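Pasted below: protein_39.cif, mmCIF, C-alpha atoms and all ligand atoms.
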```
data_query
loop_
_atom_site.group_PDB
_atom_site.id
_atom_site.type_symbol
_atom_site.label_atom_id
_atom_site.label_comp_id
_atom_site.auth_asym_id
_atom_site.auth_seq_id
_atom_site.Cartn_x
_atom_site.Cartn_y
_atom_site.Cartn_z
ATOM 1 C CA MET T 179 110.697 73.834 95.709
ATOM 2 C CA SER T 180 110.411 71.147 98.329
ATOM 3 C CA ASP T 181 107.583 68.670 98.593
ATOM 4 C CA THR T 182 105.192 70.111 101.145
ATOM 5 C CA THR T 183 102.483 67.482 101.152
ATOM 6 C CA ASN T 184 101.534 66.703 104.745
ATOM 7 C CA LYS T 185 101.801 62.998 105.433
ATOM 8 C CA VAL T 186 101.401 63.149 109.185
ATOM 9 C CA GLN T 187 98.486 65.044 110.736
ATOM 10 C CA ARG T 188 100.370 67.178 113.240
ATOM 11 C CA PRO T 189 98.587 69.801 115.317
ATOM 12 C CA LEU T 190 98.677 73.258 113.692
ATOM 13 C CA SER T 191 99.898 76.383 115.413
ATOM 14 C CA PRO T 192 97.273 79.094 115.930
ATOM 15 C CA HIS T 193 96.601 80.952 112.690
ATOM 16 C CA LEU T 194 95.614 84.547 111.815
ATOM 17 C CA GLN T 195 92.010 84.517 112.971
ATOM 18 C CA ILE T 196 93.013 83.609 116.527
ATOM 19 C CA TYR T 197 94.971 86.801 117.119
ATOM 20 C CA ASN T 198 93.704 90.223 118.004
ATOM 21 C CA LEU T 199 95.460 92.090 115.184
ATOM 22 C CA PRO T 200 97.554 95.071 116.292
ATOM 23 C CA LEU T 201 96.873 98.391 114.543
ATOM 24 C CA THR T 202 100.077 98.064 112.515
ATOM 25 C CA ALA T 203 98.820 94.811 111.006
ATOM 26 C CA ILE T 204 95.411 96.323 110.229
ATOM 27 C CA MET T 205 97.121 99.268 108.509
ATOM 28 C CA SER T 206 99.239 96.835 106.513
ATOM 29 C CA ILE T 207 96.360 94.809 105.126
ATOM 30 C CA SER T 208 94.394 98.030 104.557
ATOM 31 C CA HIS T 209 97.149 99.281 102.272
ATOM 32 C CA ARG T 210 96.623 96.184 100.178
ATOM 33 C CA ILE T 211 92.814 96.383 100.252
ATOM 34 C CA THR T 212 92.855 100.070 99.318
ATOM 35 C CA GLY T 213 95.387 99.372 96.545
ATOM 36 C CA VAL T 214 93.046 96.860 94.923
ATOM 37 C CA SER T 215 89.954 99.046 95.516
ATOM 38 C CA LEU T 216 91.692 102.082 94.032
ATOM 39 C CA THR T 217 92.346 100.118 90.884
ATOM 40 C CA LEU T 218 88.582 99.665 90.632
ATOM 41 C CA GLY T 219 88.198 103.364 91.512
ATOM 42 C CA MET T 220 90.202 104.273 88.427
ATOM 43 C CA LEU T 221 87.246 102.924 86.450
ATOM 44 C CA ILE T 222 85.366 106.058 87.567
ATOM 45 C CA VAL T 223 88.023 108.347 86.108
ATOM 46 C CA ALA T 224 88.178 106.173 82.988
ATOM 47 C CA ALA T 225 84.386 106.297 82.628
ATOM 48 C CA PHE T 226 84.483 110.108 82.569
ATOM 49 C CA LEU T 227 87.305 110.279 80.049
ATOM 50 C CA ILE T 228 85.893 107.656 77.719
ATOM 51 C CA ALA T 229 82.353 109.044 77.915
ATOM 52 C CA ALA T 230 83.567 112.577 77.228
ATOM 53 C CA GLY T 231 85.365 111.283 74.162
ATOM 54 C CA SER T 232 82.335 109.328 73.043
ATOM 55 C CA SER T 233 79.120 111.387 73.152
ATOM 56 C CA GLU T 234 77.187 113.967 75.149
ATOM 57 C CA ALA T 235 74.571 111.393 76.167
ATOM 58 C CA HIS T 236 77.212 109.047 77.573
ATOM 59 C CA TYR T 237 78.912 111.888 79.386
ATOM 60 C CA ASN T 238 75.652 113.103 80.934
ATOM 61 C CA LEU T 239 74.833 109.601 82.112
ATOM 62 C CA VAL T 240 78.200 109.252 83.867
ATOM 63 C CA MET T 241 77.857 112.690 85.450
ATOM 64 C CA ILE T 242 74.312 111.968 86.694
ATOM 65 C CA VAL T 243 75.403 108.680 88.260
ATOM 66 C CA ALA T 244 78.502 110.236 89.850
ATOM 67 C CA SER T 245 76.482 113.154 91.281
ATOM 68 C CA SER T 246 73.742 110.953 92.754
ATOM 69 C CA LYS T 247 73.718 110.229 96.499
ATOM 70 C CA ILE T 248 75.161 106.762 95.955
ATOM 71 C CA GLY T 249 77.715 108.180 93.537
ATOM 72 C CA LEU T 250 78.817 110.736 96.120
ATOM 73 C CA ILE T 251 79.108 108.082 98.828
ATOM 74 C CA ILE T 252 81.345 106.032 96.533
ATOM 75 C CA LEU T 253 83.414 109.118 95.732
ATOM 76 C CA PHE T 254 83.706 109.844 99.455
ATOM 77 C CA LEU T 255 84.994 106.335 100.195
ATOM 78 C CA TRP T 256 87.265 106.586 97.163
ATOM 79 C CA SER T 257 88.805 109.826 98.430
ATOM 80 C CA PHE T 258 89.470 108.376 101.883
ATOM 81 C CA ALA T 259 90.961 105.176 100.451
ATOM 82 C CA LEU T 260 93.146 107.271 98.177
ATOM 83 C CA TYR T 261 94.449 109.507 100.966
ATOM 84 C CA PHE T 262 95.017 106.553 103.263
ATOM 85 C CA HIS T 263 96.920 104.636 100.581
ATOM 86 C CA MET T 264 98.894 107.732 99.612
ATOM 87 C CA PHE T 265 100.025 108.695 103.107
ATOM 88 C CA ASN T 266 100.688 105.081 104.064
ATOM 89 C CA GLY T 267 102.573 104.682 100.779
ATOM 90 C CA ILE T 268 104.758 107.653 101.710
ATOM 91 C CA ARG T 269 105.431 105.933 105.030
ATOM 92 C CA HIS T 270 106.311 102.758 103.100
ATOM 93 C CA MET T 271 108.999 104.685 101.285
ATOM 94 C CA PHE T 272 110.406 106.078 104.548
ATOM 95 C CA TRP T 273 110.585 102.470 105.736
ATOM 96 C CA ASP T 274 112.380 101.509 102.532
ATOM 97 C CA ALA T 275 114.913 104.230 103.305
ATOM 98 C CA GLY T 276 115.431 102.653 106.730
ATOM 99 C CA ARG T 277 113.498 105.226 108.774
ATOM 100 C CA PHE T 278 110.761 104.740 111.431
ATOM 101 C CA LEU T 279 111.265 100.993 111.620
ATOM 102 C CA GLU T 280 111.294 100.686 115.431
ATOM 103 C CA LYS T 281 108.134 99.228 116.894
ATOM 104 C CA ASP T 282 107.172 102.389 118.811
ATOM 105 C CA GLN T 283 107.833 104.560 115.741
ATOM 106 C CA ALA T 284 105.708 102.264 113.595
ATOM 107 C CA MET T 285 102.937 102.627 116.183
ATOM 108 C CA ARG T 286 103.201 106.422 116.325
ATOM 109 C CA THR T 287 103.341 106.829 112.544
ATOM 110 C CA ASN T 288 100.151 104.718 112.336
ATOM 111 C CA TYR T 289 98.351 107.614 113.968
ATOM 112 C CA VAL T 290 100.141 110.206 111.838
ATOM 113 C CA VAL T 291 99.022 108.438 108.640
ATOM 114 C CA LEU T 292 95.439 108.061 109.889
ATOM 115 C CA MET T 293 95.289 111.686 111.009
ATOM 116 C CA PHE T 294 96.557 112.975 107.672
ATOM 117 C CA ALA T 295 94.096 110.767 105.790
ATOM 118 C CA VAL T 296 91.113 111.892 107.885
ATOM 119 C CA VAL T 297 92.030 115.593 107.764
ATOM 120 C CA ALA T 298 92.687 115.506 104.008
ATOM 121 C CA THR T 299 89.341 113.788 103.414
ATOM 122 C CA ILE T 300 87.493 116.353 105.532
ATOM 123 C CA VAL T 301 89.206 119.300 103.843
ATOM 124 C CA THR T 302 88.465 117.839 100.403
ATOM 125 C CA TRP T 303 84.778 117.462 101.159
ATOM 126 C CA LEU T 304 84.492 120.865 102.817
ATOM 127 C CA PHE T 305 85.486 122.235 99.408
ATOM 128 C CA GLY T 306 83.984 119.504 97.302
ATOM 129 C CA CYS T 307 80.616 118.429 98.691
ATOM 130 C CA PRO T 308 77.677 120.009 96.864
ATOM 131 C CA TYR T 309 75.489 119.490 99.925
ATOM 132 C CA ILE T 310 77.944 120.837 102.464
ATOM 133 C CA SER T 311 76.156 124.173 103.005
ATOM 134 C CA GLU T 312 72.842 122.354 103.548
ATOM 135 C CA ILE T 313 74.478 119.937 105.980
ATOM 136 C CA ILE T 314 76.149 122.742 107.922
ATOM 137 C CA SER T 315 72.937 124.806 108.168
ATOM 138 C CA GLU T 316 71.042 121.711 109.316
ATOM 139 C CA VAL T 317 73.607 121.085 112.055
ATOM 140 C CA LYS T 318 73.244 124.716 113.163
ATOM 141 C CA MET A 194 103.328 74.865 96.413
ATOM 142 C CA SER A 195 104.005 73.081 93.185
ATOM 143 C CA GLU A 196 105.531 69.608 93.072
ATOM 144 C CA ASN A 197 109.282 69.526 92.566
ATOM 145 C CA LYS A 198 109.529 68.102 89.094
ATOM 146 C CA TYR A 199 113.295 67.669 89.420
ATOM 147 C CA LYS A 200 112.946 65.360 92.411
ATOM 148 C CA ASP A 201 113.440 61.994 90.711
ATOM 149 C CA SER A 202 115.275 63.255 87.642
ATOM 150 C CA PHE A 203 118.954 63.164 86.752
ATOM 151 C CA ALA A 204 119.347 66.871 87.496
ATOM 152 C CA THR A 205 122.286 67.880 89.628
ATOM 153 C CA PRO A 206 121.647 68.627 93.315
ATOM 154 C CA LEU A 207 122.168 72.338 92.602
ATOM 155 C CA LYS A 208 119.507 72.312 89.866
ATOM 156 C CA LYS A 209 117.150 70.431 92.183
ATOM 157 C CA ALA A 210 117.565 73.086 94.845
ATOM 158 C CA LYS A 211 117.226 76.068 92.491
ATOM 159 C CA GLY A 212 114.395 74.801 90.312
ATOM 160 C CA LEU A 213 113.627 77.447 87.705
ATOM 161 C CA GLY A 214 115.424 79.994 89.850
ATOM 162 C CA SER A 215 114.839 83.718 90.051
ATOM 163 C CA ALA A 216 113.087 85.683 87.320
ATOM 164 C CA HIS A 217 115.775 88.382 87.811
ATOM 165 C CA ASP A 218 113.081 91.013 87.711
ATOM 166 C CA GLY A 219 112.134 91.457 91.360
ATOM 167 C CA SER A 220 114.107 94.571 92.246
ATOM 168 C CA HIS A 221 113.056 96.354 89.057
ATOM 169 C CA HIS A 222 109.405 95.557 89.861
ATOM 170 C CA TRP A 223 109.838 96.889 93.377
ATOM 171 C CA MET A 224 111.683 99.985 92.185
ATOM 172 C CA MET A 225 109.044 100.852 89.571
ATOM 173 C CA GLN A 226 106.327 100.486 92.217
ATOM 174 C CA LYS A 227 108.083 103.228 94.189
ATOM 175 C CA VAL A 228 108.970 105.386 91.157
ATOM 176 C CA THR A 229 105.356 105.371 89.971
ATOM 177 C CA ALA A 230 104.186 106.082 93.536
ATOM 178 C CA ILE A 231 106.383 109.189 93.669
ATOM 179 C CA ILE A 232 105.176 110.374 90.260
ATOM 180 C CA ILE A 233 101.491 109.919 91.011
ATOM 181 C CA THR A 234 101.455 111.542 94.448
ATOM 182 C CA PRO A 235 101.420 115.162 93.148
ATOM 183 C CA LEU A 236 99.226 114.115 90.210
ATOM 184 C CA ILE A 237 96.630 112.647 92.569
ATOM 185 C CA VAL A 238 96.481 115.949 94.451
ATOM 186 C CA TRP A 239 96.006 117.713 91.105
ATOM 187 C CA LEU A 240 93.303 115.189 90.098
ATOM 188 C CA ILE A 241 91.264 115.690 93.273
ATOM 189 C CA TRP A 242 91.653 119.458 92.969
ATOM 190 C CA SER A 243 90.431 119.260 89.363
ATOM 191 C CA ILE A 244 87.474 117.006 90.198
ATOM 192 C CA ILE A 245 86.322 119.528 92.807
ATOM 193 C CA GLY A 246 86.470 122.270 90.173
ATOM 194 C CA LEU A 247 84.612 120.136 87.648
ATOM 195 C CA GLN A 248 81.604 119.235 89.791
ATOM 196 C CA GLY A 249 78.500 119.174 87.651
ATOM 197 C CA ALA A 250 80.453 120.394 84.608
ATOM 198 C CA SER A 251 78.524 120.162 81.347
ATOM 199 C CA TYR A 252 79.789 118.100 78.430
ATOM 200 C CA ASP A 253 81.228 121.189 76.744
ATOM 201 C CA GLU A 254 82.800 122.525 79.914
ATOM 202 C CA PHE A 255 84.453 119.207 80.648
ATOM 203 C CA ARG A 256 85.820 118.843 77.121
ATOM 204 C CA PHE A 257 87.043 122.438 77.103
ATOM 205 C CA TRP A 258 88.886 121.798 80.370
ATOM 206 C CA LEU A 259 90.452 118.569 79.134
ATOM 207 C CA ALA A 260 91.474 120.176 75.849
ATOM 208 C CA GLN A 261 93.810 122.611 77.624
ATOM 209 C CA PRO A 262 97.284 121.309 76.785
ATOM 210 C CA ALA A 263 98.458 121.283 80.413
ATOM 211 C CA ASN A 264 95.399 119.326 81.564
ATOM 212 C CA ALA A 265 95.576 116.853 78.688
ATOM 213 C CA VAL A 266 99.265 116.154 79.233
ATOM 214 C CA LEU A 267 98.948 115.824 83.011
ATOM 215 C CA MET A 268 95.965 113.504 82.583
ATOM 216 C CA ILE A 269 97.885 111.268 80.174
ATOM 217 C CA ILE A 270 100.849 111.045 82.550
ATOM 218 C CA LEU A 271 98.468 110.315 85.433
ATOM 219 C CA ILE A 272 96.602 107.556 83.596
ATOM 220 C CA PHE A 273 99.816 105.947 82.405
ATOM 221 C CA SER A 274 101.634 106.002 85.742
ATOM 222 C CA VAL A 275 98.633 105.056 87.904
ATOM 223 C CA LEU A 276 97.777 102.100 85.679
ATOM 224 C CA TYR A 277 101.423 101.015 85.586
ATOM 225 C CA HIS A 278 101.504 101.233 89.398
ATOM 226 C CA ALA A 279 98.255 99.264 89.597
ATOM 227 C CA VAL A 280 99.473 96.488 87.277
ATOM 228 C CA LEU A 281 102.635 96.039 89.345
ATOM 229 C CA GLY A 282 100.669 96.087 92.590
ATOM 230 C CA LEU A 283 97.939 93.690 91.474
ATOM 231 C CA GLN A 284 100.567 91.228 90.259
ATOM 232 C CA VAL A 285 102.153 91.066 93.720
ATOM 233 C CA VAL A 286 98.779 90.561 95.381
ATOM 234 C CA THR A 287 97.905 87.804 92.902
ATOM 235 C CA GLU A 288 101.233 86.062 93.367
ATOM 236 C CA ASP A 289 100.735 86.109 97.129
ATOM 237 C CA TYR A 290 97.249 84.648 97.222
ATOM 238 C CA ILE A 291 96.778 82.323 94.252
ATOM 239 C CA SER A 292 98.786 79.143 94.535
ATOM 240 C CA SER A 293 97.632 77.298 91.417
ATOM 241 C CA GLU A 294 100.373 78.088 88.911
ATOM 242 C CA TRP A 295 98.321 78.291 85.718
ATOM 243 C CA PHE A 296 95.435 80.141 87.366
ATOM 244 C CA LYS A 297 97.901 82.652 88.776
ATOM 245 C CA ILE A 298 99.512 83.242 85.386
ATOM 246 C CA MET A 299 96.149 83.547 83.598
ATOM 247 C CA ASN A 300 95.048 86.049 86.227
ATOM 248 C CA ILE A 301 98.116 88.213 85.811
ATOM 249 C CA ILE A 302 97.885 88.120 82.016
ATOM 250 C CA GLY A 303 94.175 88.956 82.225
ATOM 251 C CA GLN A 304 94.862 91.915 84.500
ATOM 252 C CA LYS A 305 97.522 93.215 82.146
ATOM 253 C CA ILE A 306 95.309 92.947 79.081
ATOM 254 C CA PHE A 307 92.380 94.582 80.868
ATOM 255 C CA ILE A 308 94.387 97.465 82.299
ATOM 256 C CA MET A 309 96.305 98.052 79.077
ATOM 257 C CA THR A 310 93.030 98.219 77.140
ATOM 258 C CA LEU A 311 91.604 100.631 79.692
ATOM 259 C CA GLY A 312 94.697 102.812 79.467
ATOM 260 C CA ILE A 313 94.631 102.912 75.686
ATOM 261 C CA LEU A 314 90.917 103.828 75.685
ATOM 262 C CA CYS A 315 91.549 106.653 78.168
ATOM 263 C CA ILE A 316 94.567 108.080 76.389
ATOM 264 C CA PHE A 317 92.859 107.824 73.016
ATOM 265 C CA SER A 318 89.858 109.744 74.402
ATOM 266 C CA ILE A 319 92.075 112.433 75.903
ATOM 267 C CA LEU A 320 93.961 112.920 72.650
ATOM 268 C CA LYS A 321 90.768 112.925 70.621
ATOM 269 C CA ILE A 322 89.338 115.690 72.789
ATOM 270 C CA ALA A 323 92.618 117.618 72.889
ATOM 271 C CA PHE A 324 92.913 117.606 69.116
ATOM 272 C CA THR A 325 89.287 118.280 68.207
ATOM 273 C CA VAL A 326 87.962 120.756 70.761
ATOM 274 C CA GLY A 327 88.783 124.362 69.951
ATOM 275 C CA VAL A 328 90.664 125.850 72.880
HETATM 276 C C1 LIG T 401 94.611 105.399 92.251
HETATM 277 C C2 LIG T 401 95.843 105.308 92.580
HETATM 278 C C3 LIG T 401 96.531 104.062 93.099
HETATM 279 C C4 LIG T 401 96.300 102.744 92.835
HETATM 280 C C5 LIG T 401 95.256 102.147 91.891
HETATM 281 C C6 LIG T 401 97.245 101.976 93.628
HETATM 282 C C7 LIG T 401 97.328 100.587 93.652
HETATM 283 C C8 LIG T 401 98.233 99.869 94.379
HETATM 284 C C9 LIG T 401 98.248 98.435 94.517
HETATM 285 C C10 LIG T 401 97.247 97.484 93.877
HETATM 286 C C11 LIG T 401 99.303 98.109 95.308
HETATM 287 C C12 LIG T 401 99.739 96.715 95.740
HETATM 288 C C13 LIG T 401 99.368 96.471 97.165
HETATM 289 C C14 LIG T 401 100.172 95.378 97.815
HETATM 290 O O1 LIG T 401 101.134 94.868 97.225
HETATM 291 O O2 LIG T 401 99.852 95.053 98.951
HETATM 292 C C15 LIG T 401 99.974 99.324 95.660
HETATM 293 C C16 LIG T 401 101.113 99.385 96.435
HETATM 294 C C17 LIG T 401 101.768 100.562 96.754
HETATM 295 N N1 LIG T 401 101.294 101.842 96.543
HETATM 296 FE FE1 LIG T 401 99.710 102.326 95.423
HETATM 297 N N2 LIG T 401 98.053 102.828 94.329
HETATM 298 C C18 LIG T 401 97.640 104.113 94.034
HETATM 299 C C19 LIG T 401 98.168 105.292 94.528
HETATM 300 C C20 LIG T 401 99.317 105.381 95.281
HETATM 301 C C21 LIG T 401 99.914 106.618 95.700
HETATM 302 C C22 LIG T 401 99.382 108.039 95.408
HETATM 303 C C23 LIG T 401 101.028 106.300 96.401
HETATM 304 C C24 LIG T 401 101.929 107.348 97.007
HETATM 305 C C25 LIG T 401 102.794 107.209 97.910
HETATM 306 C C26 LIG T 401 101.141 104.830 96.421
HETATM 307 C C27 LIG T 401 102.144 104.095 97.037
HETATM 308 C C28 LIG T 401 102.243 102.727 97.036
HETATM 309 C C29 LIG T 401 103.378 101.988 97.564
HETATM 310 C C30 LIG T 401 104.628 102.571 98.194
HETATM 311 C C31 LIG T 401 103.071 100.629 97.370
HETATM 312 C C32 LIG T 401 103.966 99.434 97.722
HETATM 313 C C33 LIG T 401 103.694 98.885 99.053
HETATM 314 C C34 LIG T 401 104.584 97.711 99.346
HETATM 315 O O3 LIG T 401 105.779 97.766 99.018
HETATM 316 O O4 LIG T 401 104.072 96.738 99.920
HETATM 317 N N3 LIG T 401 100.066 104.317 95.725
HETATM 318 N N4 LIG T 401 99.295 100.390 95.090
#
```

Have the structure of the file written as structure tokens, please.
Amino acid sequence: MSDTTNKVQRPLSPHLQIYNLPLTAIMSISHRITGVSLTLGMLIVAAFLIAAGSSEAHYNLVMIVASSKIGLIILFLWSFALYFHMFNGIRHMFWDAGRFLEKDQAMRTNYVVLMFAVVATIVTWLFGCPYISEIISEVK
Amino acid sequence: MSENKYKDSFATPLKKAKGLGSAHDGSHHWMMQKVTAIIITPLIVWLIWSIIGLQGASYDEFRFWLAQPANAVLMIILIFSVLYHAVLGLQVVTEDYISSEWFKIMNIIGQKIFIMTLGILCIFSILKIAFTVGV
């Protein structure tokens, strides 16, 4: 690799924080952020498996934490991150196959990925939220 | 960027340009990232579906569910392929952002040890439940 030490202080070109990031760029970095967060999210699944293999007290503790309000909020964020990463990952593989690479297609598929992620999250929680009937009756 | 240690040595110009060269592993890494992604997509749908069904499950209910052969096997495949996918992914992120060579390598090794341990604990627990709970 070449020697990159700067000997002359030349002016720098504008860097990342100067630009107003286009949606495509935000989606790109979000794939990375969700990838790393989902790795942490797997600790939730691991906690259930390991606790269930360990003892009833451990299992109950994990279940109580996961079913608490904060636990449910984390699970909600986890589900959205997962769906976003999954649908964007599917788009990644279309890109790898040479599809949807034009700028306007990339822009349109941004919205497709987001729409799928939002709808999948909503459907999941319509089935999966223990408070959903209370929330719906309150809204009515 | 690391210093070019071949700069003032007797190495040939070709060696100076190539340095240590390619690890010859890049396309396999990339391919396995996609292969694991394809494997886990249906498994993730199954996982979320299962979690919804297991809300508030008691200790016995959960263990009974996990002891079903289909559930145990799917869960093992899921844990293995998701953690494999995560190791590959985290390595790329680390390589992109950490420039200090030794810190980067220690990070990647640390991630691998941590995730491998986690995976072994999970799979051991699944097998333990599958083999001890009466179905
Ligand atoms: C809990 C599950 C998952 C975890 C922990 C996870 C983790 C990660 C991580 C850490 C990365 C690296 C990010 C980067 O290099 O910027 C990544 C990349 C990727 N993930 Fe996942 N992921 C998960 C699920 C999925 C699923 C279900 C898909 C399905 C399509 C998927 C598709 C991809 C693809 C295609 C890449 C490569 C992106 C690229 O080439 O830049 N992932 N994942």

- Message: Set the cut-off to 9 Å and count only C-alpha atoms: what are the residues of chain A that reach chain T? Output as a ChimeraX atom specification.
- Response: /A:194-198,200,209-212,227,230-231,234,237,241-242,244-246,248-253,255-256,259,272,275-276,279-280,282-283,286,311-312,314-322

Around ligand LIG 401 (chain T), fit a box with edges along x, y and z, padding it by 6 Å on each side, then list its centre and edge lengths in Å to one decimal as lines of an AutoDock Vina configuration file.
```
center_x = 100.2
center_y = 101.5
center_z = 95.9
size_x = 23.2
size_y = 25.2
size_z = 20.0
```

- Message: as a ChimeraX atom specification, please: the residues near Ile298 in chain A (cut-off 10 Å, all atoms listed in the file, same-chain neighbours under 4 positions excluded).
- Response: /A:284,287-288,291,293-294,302-304

- Proximity to ligand LIG 401 (chain T) - best of A:Met224, A:Ile313, A:Ile270, A:Val326, all atoms listed in the file: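 Selected residue with least distance to ligand LIG 401 (chain T): A:Met224.
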
- Item | Expected selection from the PyMOL selection byres (((chain T and resi 296) around 12) and not hetatm), given as a ChimeraX atom specification | /T:254-255,257-263,265,289-295,297-303

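Atom pair CA of Ile248 in chain T / atom C8 of ligand LIG 401 (chain T) has a distance of 24.1 Å (rounded to one decimal).
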
- In Å, how far is it from CA of His278 in chain A to CA of His217 in chain A?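 Separation of CA of His278 in chain A and CA of His217 in chain A: 19.3 Å.
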
- Task: Could you pull out every residue with an atom within 9 Å of (96.8, 120.1, 74.8), file coordinates, counting only C-alpha atoms, and send them as a PyMOL selection string?
- Result: chain A and resi 259-266+320+322-324+328

- T:Ala284, T:Val317, T:Leu239, T:Met205: which is nearest ligand LIG 401 (chain T), counting all atoms listed in the file?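 Smallest distance to ligand LIG 401 (chain T) is found for T:Met205.
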
- Pick out the closest residue to ligand LIG 401 (chain T) from this set: A:Met309, A:Met299, A:Leu236, A:Leu267. Count all atoms listed in the file. A:Leu236

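Take the candidates T:His193, T:Arg269, T:Lys247, T:Arg188 and check each one against ligand LIG 401 (chain T) using all atoms listed in the file; the shortest distance goes to T:Arg269.
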
- Query: For ligand LIG 401 (chain T), which residue among T:Leu199, T:Ile207, T:Val240, T:Leu190 is the nearest when counting all atoms listed in the file?
  - Reply: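 The answer is T:Ile207, which sits nearest to ligand LIG 401 (chain T).
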
- Task: Tell me which of A:Gln226, A:Thr205, A:Ser292, A:Ser243 sits closest to Tyr277 in chain A, counting only C-alpha atoms.
- Result: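 Among the listed residues, A:Gln226 lies closest to Tyr277 in chain A.
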
- Task: Could you tell me how far CA of Leu247 in chain A lies from CA of Tyr309 in chain T, in Å and to one decimal?
- Result: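 CA of Tyr309 in chain T lies at a distance of 15.3 Å from CA of Leu247 in chain A.
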